[in-house]
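The data block below is target02.cif; it holds mmCIF, C-alpha atoms.
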data_start
#
loop_
_atom_site.group_PDB
_atom_site.id
_atom_site.type_symbol
_atom_site.label_atom_id
_atom_site.label_comp_id
_atom_site.auth_asym_id
_atom_site.auth_seq_id
_atom_site.Cartn_x
_atom_site.Cartn_y
_atom_site.Cartn_z
ATOM 1 C CA MET K 1 -265.963 -123.994 -32.461
ATOM 2 C CA GLN K 2 -265.367 -121.451 -35.143
ATOM 3 C CA LYS K 3 -269.023 -121.651 -36.185
ATOM 4 C CA ARG K 4 -270.130 -121.019 -32.607
ATOM 5 C CA ASN K 5 -267.953 -117.896 -32.324
ATOM 6 C CA LEU K 6 -269.321 -116.608 -35.606
ATOM 7 C CA VAL K 7 -272.912 -116.941 -34.293
ATOM 8 C CA LEU K 8 -272.004 -115.149 -31.039
ATOM 9 C CA VAL K 9 -270.273 -112.311 -32.872
ATOM 10 C CA ALA K 10 -273.235 -111.915 -35.265
ATOM 11 C CA GLY K 11 -275.687 -111.854 -32.350
ATOM 12 C CA ALA K 12 -273.623 -109.300 -30.444
ATOM 13 C CA ALA K 13 -273.398 -107.121 -33.551
ATOM 14 C CA ALA K 14 -277.166 -107.267 -34.024
ATOM 15 C CA LEU K 15 -277.759 -106.228 -30.395
ATOM 16 C CA ALA K 16 -275.280 -103.395 -30.755
ATOM 17 C CA VAL K 17 -277.148 -102.072 -33.793
ATOM 18 C CA VAL K 18 -280.510 -102.243 -31.985
ATOM 19 C CA PHE K 19 -279.240 -100.471 -28.861
ATOM 20 C CA ALA K 20 -277.304 -97.893 -30.824
ATOM 21 C CA SER K 21 -280.291 -96.926 -32.966
ATOM 22 C CA GLY K 22 -282.560 -96.805 -29.904
ATOM 23 C CA GLY K 23 -280.114 -94.527 -28.202
ATOM 24 C CA ALA K 24 -279.964 -92.304 -31.263
ATOM 25 C CA VAL K 25 -283.769 -91.979 -31.283
ATOM 26 C CA ALA K 26 -283.877 -91.193 -27.577
ATOM 27 C CA ALA K 27 -281.049 -88.709 -27.983
ATOM 28 C CA SER K 28 -282.946 -86.904 -30.769
ATOM 29 C CA LEU K 29 -286.175 -86.326 -28.757
ATOM 30 C CA VAL K 30 -286.708 -82.728 -27.685
ATOM 31 C CA THR K 31 -288.125 -82.005 -24.249
ATOM 32 C CA SER K 32 -289.475 -78.740 -22.871
ATOM 33 C CA ALA K 33 -286.173 -78.273 -21.032
ATOM 34 C CA ASP K 34 -284.468 -78.085 -24.444
ATOM 35 C CA ILE K 35 -286.739 -75.242 -25.665
ATOM 36 C CA LYS K 36 -285.781 -71.662 -24.989
ATOM 37 C CA ASP K 37 -288.696 -69.479 -23.782
ATOM 38 C CA GLN K 38 -290.541 -67.500 -26.497
ATOM 39 C CA THR K 39 -288.944 -69.444 -29.387
ATOM 40 C CA ILE K 40 -291.811 -71.683 -30.573
ATOM 41 C CA ARG K 41 -293.743 -70.090 -33.446
ATOM 42 C CA SER K 42 -297.098 -70.976 -35.025
ATOM 43 C CA VAL K 43 -295.381 -72.742 -37.952
ATOM 44 C CA ASP K 44 -293.782 -75.119 -35.412
ATOM 45 C CA ILE K 45 -297.144 -76.253 -33.996
ATOM 46 C CA HIS K 46 -299.469 -78.754 -35.643
ATOM 47 C CA ALA K 47 -303.016 -77.538 -36.421
ATOM 48 C CA ASP K 48 -305.202 -78.113 -33.324
ATOM 49 C CA GLY K 49 -301.990 -78.741 -31.363
ATOM 50 C CA VAL K 50 -302.809 -76.156 -28.692
ATOM 51 C CA GLY K 51 -306.125 -76.220 -26.873
ATOM 52 C CA LYS K 52 -307.771 -74.884 -23.761
ATOM 53 C CA SER K 53 -305.767 -77.198 -21.488
ATOM 54 C CA GLU K 54 -302.525 -75.559 -22.672
ATOM 55 C CA ILE K 55 -303.716 -71.956 -22.342
ATOM 56 C CA ARG K 56 -303.955 -70.564 -18.833
ATOM 57 C CA ASP K 57 -306.559 -67.990 -17.773
ATOM 58 C CA ALA K 58 -305.843 -64.593 -19.341
ATOM 59 C CA GLY K 59 -303.121 -66.246 -21.447
ATOM 60 C CA VAL K 60 -304.600 -64.830 -24.655
ATOM 61 C CA GLY K 61 -305.604 -61.184 -24.871
ATOM 62 C CA THR K 62 -307.750 -59.306 -27.347
ATOM 63 C CA ARG K 63 -304.628 -58.254 -29.289
ATOM 64 C CA GLU K 64 -304.024 -61.886 -30.255
ATOM 65 C CA ILE K 65 -307.605 -62.480 -31.466
ATOM 66 C CA THR K 66 -308.858 -61.519 -34.917
ATOM 67 C CA GLN K 67 -311.476 -58.784 -35.293
ATOM 68 C CA SER K 68 -314.016 -61.349 -36.504
ATOM 69 C CA VAL K 69 -313.636 -63.406 -33.324
ATOM 70 C CA ARG K 70 -313.764 -60.262 -31.148
ATOM 71 C CA ASP K 71 -317.035 -59.281 -32.858
ATOM 72 C CA GLN K 72 -318.519 -62.690 -32.095
ATOM 73 C CA MET K 73 -317.408 -62.490 -28.459
ATOM 74 C CA ALA K 74 -318.862 -59.008 -27.931
ATOM 75 C CA PHE K 75 -321.200 -58.739 -24.988
ATOM 76 C CA GLY K 76 -324.640 -57.452 -25.846
ATOM 77 C CA LEU K 77 -325.862 -56.728 -29.328
ATOM 78 C CA SER K 78 -323.732 -55.199 -32.036
ATOM 79 C CA HIS K 79 -323.990 -54.538 -35.755
ATOM 80 C CA LEU K 80 -327.759 -53.976 -35.514
ATOM 81 C CA VAL K 81 -329.765 -53.084 -38.598
ATOM 82 C CA THR K 82 -333.356 -51.869 -38.833
ATOM 83 C CA ASP K 83 -335.806 -52.065 -41.706
ATOM 84 C CA GLY K 84 -339.360 -50.820 -42.197
ATOM 85 C CA PRO K 85 -340.690 -50.942 -45.765
ATOM 86 C CA TYR K 86 -343.504 -48.674 -47.002
ATOM 87 C CA ASP K 87 -345.056 -51.313 -49.261
ATOM 88 C CA THR K 88 -347.998 -52.622 -47.212
ATOM 89 C CA THR K 89 -351.367 -50.869 -47.522
ATOM 90 C CA TRP K 90 -354.297 -52.005 -45.394
ATOM 91 C CA THR K 91 -357.684 -51.513 -47.051
ATOM 92 C CA GLY K 92 -360.149 -49.246 -45.212
ATOM 93 C CA ASN K 93 -363.551 -50.458 -43.982
ATOM 94 C CA SER K 94 -362.416 -54.047 -44.243
ATOM 95 C CA ASP K 95 -363.554 -56.780 -41.888
ATOM 96 C CA ALA K 96 -360.600 -58.938 -42.984
ATOM 97 C CA LEU K 97 -357.567 -59.498 -40.770
ATOM 98 C CA GLN K 98 -354.637 -57.834 -42.564
ATOM 99 C CA THR K 99 -350.907 -58.578 -42.254
ATOM 100 C CA ALA K 100 -347.671 -56.642 -42.704
ATOM 101 C CA THR K 101 -344.319 -58.492 -42.574
ATOM 102 C CA VAL K 102 -340.672 -57.467 -42.753
ATOM 103 C CA LYS K 103 -337.708 -59.892 -42.904
ATOM 104 C CA CYS K 104 -334.115 -59.694 -41.751
ATOM 105 C CA ASP K 105 -331.310 -60.232 -44.254
ATOM 106 C CA ALA K 106 -329.846 -63.754 -44.473
ATOM 107 C CA GLY K 107 -327.695 -64.517 -41.429
ATOM 108 C CA TYR K 108 -329.482 -61.940 -39.230
ATOM 109 C CA PHE K 109 -332.119 -62.585 -36.576
ATOM 110 C CA ALA K 110 -334.998 -60.466 -35.294
ATOM 111 C CA VAL K 111 -334.416 -59.037 -31.820
ATOM 112 C CA GLY K 112 -337.304 -56.550 -31.798
ATOM 113 C CA GLY K 113 -339.986 -54.961 -33.904
ATOM 114 C CA GLY K 114 -343.284 -53.155 -34.172
ATOM 115 C CA PHE K 115 -345.099 -50.868 -36.627
ATOM 116 C CA SER K 116 -345.737 -47.274 -37.574
ATOM 117 C CA GLY K 117 -347.695 -45.277 -40.134
ATOM 118 C CA ALA K 118 -346.278 -44.226 -43.462
ATOM 119 C CA GLY K 119 -344.304 -41.207 -42.259
ATOM 120 C CA GLY K 120 -342.587 -38.830 -44.667
ATOM 121 C CA GLU K 121 -344.444 -37.061 -47.492
ATOM 122 C CA GLY K 122 -346.974 -39.879 -47.896
ATOM 123 C CA ASP K 123 -348.040 -39.663 -44.253
ATOM 124 C CA THR K 124 -351.808 -39.458 -43.859
ATOM 125 C CA GLY K 125 -351.442 -38.044 -40.359
ATOM 126 C CA THR K 126 -351.883 -39.634 -36.975
ATOM 127 C CA GLU K 127 -355.645 -38.979 -36.931
ATOM 128 C CA ALA K 128 -356.122 -41.423 -39.799
ATOM 129 C CA TYR K 129 -354.597 -44.191 -37.686
ATOM 130 C CA ALA K 130 -357.127 -43.788 -34.867
ATOM 131 C CA ASP K 131 -359.274 -46.527 -36.420
ATOM 132 C CA LEU K 132 -356.380 -48.931 -36.855
ATOM 133 C CA GLN K 133 -356.727 -51.976 -34.587
ATOM 134 C CA ILE K 134 -353.515 -53.972 -34.102
ATOM 135 C CA VAL K 135 -354.221 -57.433 -32.694
ATOM 136 C CA ALA K 136 -350.742 -58.970 -32.957
ATOM 137 C CA SER K 137 -347.129 -57.847 -33.306
ATOM 138 C CA TYR K 138 -344.569 -60.635 -32.936
ATOM 139 C CA PRO K 139 -341.293 -62.214 -34.110
ATOM 140 C CA TYR K 140 -341.592 -65.163 -36.458
ATOM 141 C CA VAL K 141 -339.514 -67.546 -38.540
ATOM 142 C CA GLU K 142 -340.546 -69.052 -41.838
ATOM 143 C CA PRO K 143 -340.301 -72.838 -42.099
ATOM 144 C CA PRO K 144 -338.123 -74.743 -42.041
ATOM 145 C CA ALA K 145 -337.625 -73.397 -38.555
ATOM 146 C CA SER K 146 -334.944 -74.484 -36.161
ATOM 147 C CA VAL K 147 -336.840 -75.278 -32.955
ATOM 148 C CA ASN K 148 -335.174 -76.364 -29.726
ATOM 149 C CA ALA K 149 -336.591 -78.806 -27.137
ATOM 150 C CA ARG K 150 -338.589 -76.004 -25.428
ATOM 151 C CA GLY K 151 -340.127 -74.930 -28.743
ATOM 152 C CA SER K 152 -338.045 -71.738 -28.956
ATOM 153 C CA ILE K 153 -337.153 -70.363 -32.384
ATOM 154 C CA ARG K 154 -334.539 -68.013 -33.859
ATOM 155 C CA PRO K 155 -336.883 -65.519 -35.557
ATOM 156 C CA ASN K 156 -335.847 -63.815 -38.780
ATOM 157 C CA GLU K 157 -338.850 -61.565 -39.392
ATOM 158 C CA TRP K 158 -341.508 -59.415 -37.670
ATOM 159 C CA VAL K 159 -345.253 -59.779 -38.279
ATOM 160 C CA VAL K 160 -347.984 -57.221 -37.544
ATOM 161 C CA LYS K 161 -351.681 -58.182 -37.836
ATOM 162 C CA GLY K 162 -354.800 -56.122 -37.427
ATOM 163 C CA PHE K 163 -357.840 -54.367 -38.870
ATOM 164 C CA ASN K 164 -358.329 -51.012 -40.585
ATOM 165 C CA ASN K 165 -361.758 -49.908 -39.341
ATOM 166 C CA GLY K 166 -361.485 -46.438 -40.920
ATOM 167 C CA ALA K 167 -362.583 -45.228 -44.354
ATOM 168 C CA THR K 168 -359.051 -44.456 -45.589
ATOM 169 C CA ASP K 169 -356.568 -47.018 -46.906
ATOM 170 C CA LEU K 170 -353.468 -46.844 -44.699
ATOM 171 C CA VAL K 171 -349.827 -47.763 -45.100
ATOM 172 C CA VAL K 172 -348.861 -49.958 -42.164
ATOM 173 C CA ARG K 173 -345.097 -50.039 -41.872
ATOM 174 C CA PRO K 174 -343.744 -53.085 -39.993
ATOM 175 C CA TRP K 175 -340.368 -52.563 -38.336
ATOM 176 C CA VAL K 176 -337.749 -55.134 -37.420
ATOM 177 C CA THR K 177 -334.413 -54.721 -35.663
ATOM 178 C CA CYS K 178 -331.969 -57.465 -36.645
ATOM 179 C CA ALA K 179 -328.648 -58.666 -35.258
ATOM 180 C CA PRO K 180 -326.152 -60.947 -36.960
ATOM 181 C CA GLY K 181 -326.316 -64.492 -35.691
ATOM 182 C CA PHE K 182 -323.584 -67.035 -35.072
ATOM 183 C CA VAL K 183 -323.368 -70.362 -33.392
ATOM 184 C CA ARG K 184 -321.448 -70.611 -30.135
#

Kindly return the structure encoded in the file as structure tokens.
Amino acid sequence: MQKRNLVLVAGAAALAVVFASGGAVAASLVTSADIKDQTIRSVDIHADGVGKSEIRDAGVGTREITQSVRDQMAFGLSHLVTDGPYDTTWTGNSDALQTATVKCDAGYFAVGGGFSGAGGEGDTGTEAYADLQIVASYPYVEPPASVNARGSIRPNEWVVKGFNNGATDLVVRPWVTCAPGFVR
């Protein structure tokens, strides 16, 4: 009989330990009712712990977003740069198709372009350009190009092609307007 009582007491003690520790765990859990408003800080939240399902519309304003993110969210084009080098001369009286190209800096993409004459002190005057025949002016990307399913590209340069039918060699200045690119 004494052995039987010892087994019962040991079993009861084991159950008491299990229930007591379970109660302690449950008692230590924090619920949202236990949290005072405006007391949780970023150090208290695990990385990627808050997502779009936890943020209501207009819950985050521009004051809470870094300048870099605001720049990427800007509507329209911003931080545009333009380039037009003077280093392309088309030979006069040439039957050959001639090309002038200008590239955007790394990380920028062409959003527009065209061409002009030399301009400045080296300008030969607009009359000299009367015999210039432009046959193409377009955005382009050097391979390897990222092409989507429709065949669209993200151009990073501007190309101008044509003929100089006049007697004078002419500087053909390709222009490109570039905007910084980012992936959304």

Exercise. Restricting the calculation to all atoms listed in the file, which member of K:Leu77, K:Asn165, K:Lys52, K:Ile40 is positioned closest to Ala96 (chain K)?
Worked result: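 The answer is K:Asn165, which sits nearest to Ala96 (chain K).
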
For this session: Apply the PyMOL selection byres ((chain K and resi 124-135) around 6) to the file shown and report the selected residues as an MDAnalysis selection string.
Result: chainID K and resid 123 136 161:166

Exercise. Any chance you could work out the residue set of the PyMOL selection byres ((chain K and resi 79-94) around 10) here, as an MDAnalysis selection string?
Worked result: chainID K and resid 71 77:78 95:105 108:119 122 131:132 158 162:180

Exercise. For the atom pair CA of Ser68 (chain K) and CA of Glu142 (chain K), what is the interatomic distance in Å to one decimal place?
Worked result: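 Value for the CA of Ser68 (chain K)-CA of Glu142 (chain K) distance: 28.1 Å.
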
Exercise. When you draw a straight line from CA of Gly107 (chain K) to CA of Tyr140 (chain K), how long is it in Å?
Worked result: 14.8 Å

With 4 Å of padding per side, what axis-aligned box (centre and edge lengths, Å, one decimal) covers all the listed atoms of region 165-179 of chain K? Give it as AutoDock Vina command-line options.
--center_x -345.6 --center_y -51.6 --center_z -41.1 --size_x 41.9 --size_y 22.2 --size_z 19.6

Exercise. At what distance in Å, to one decimal, does CA of Glu157 (chain K) lie from CA of Tyr138 (chain K)?
Worked result: 8.7 Å
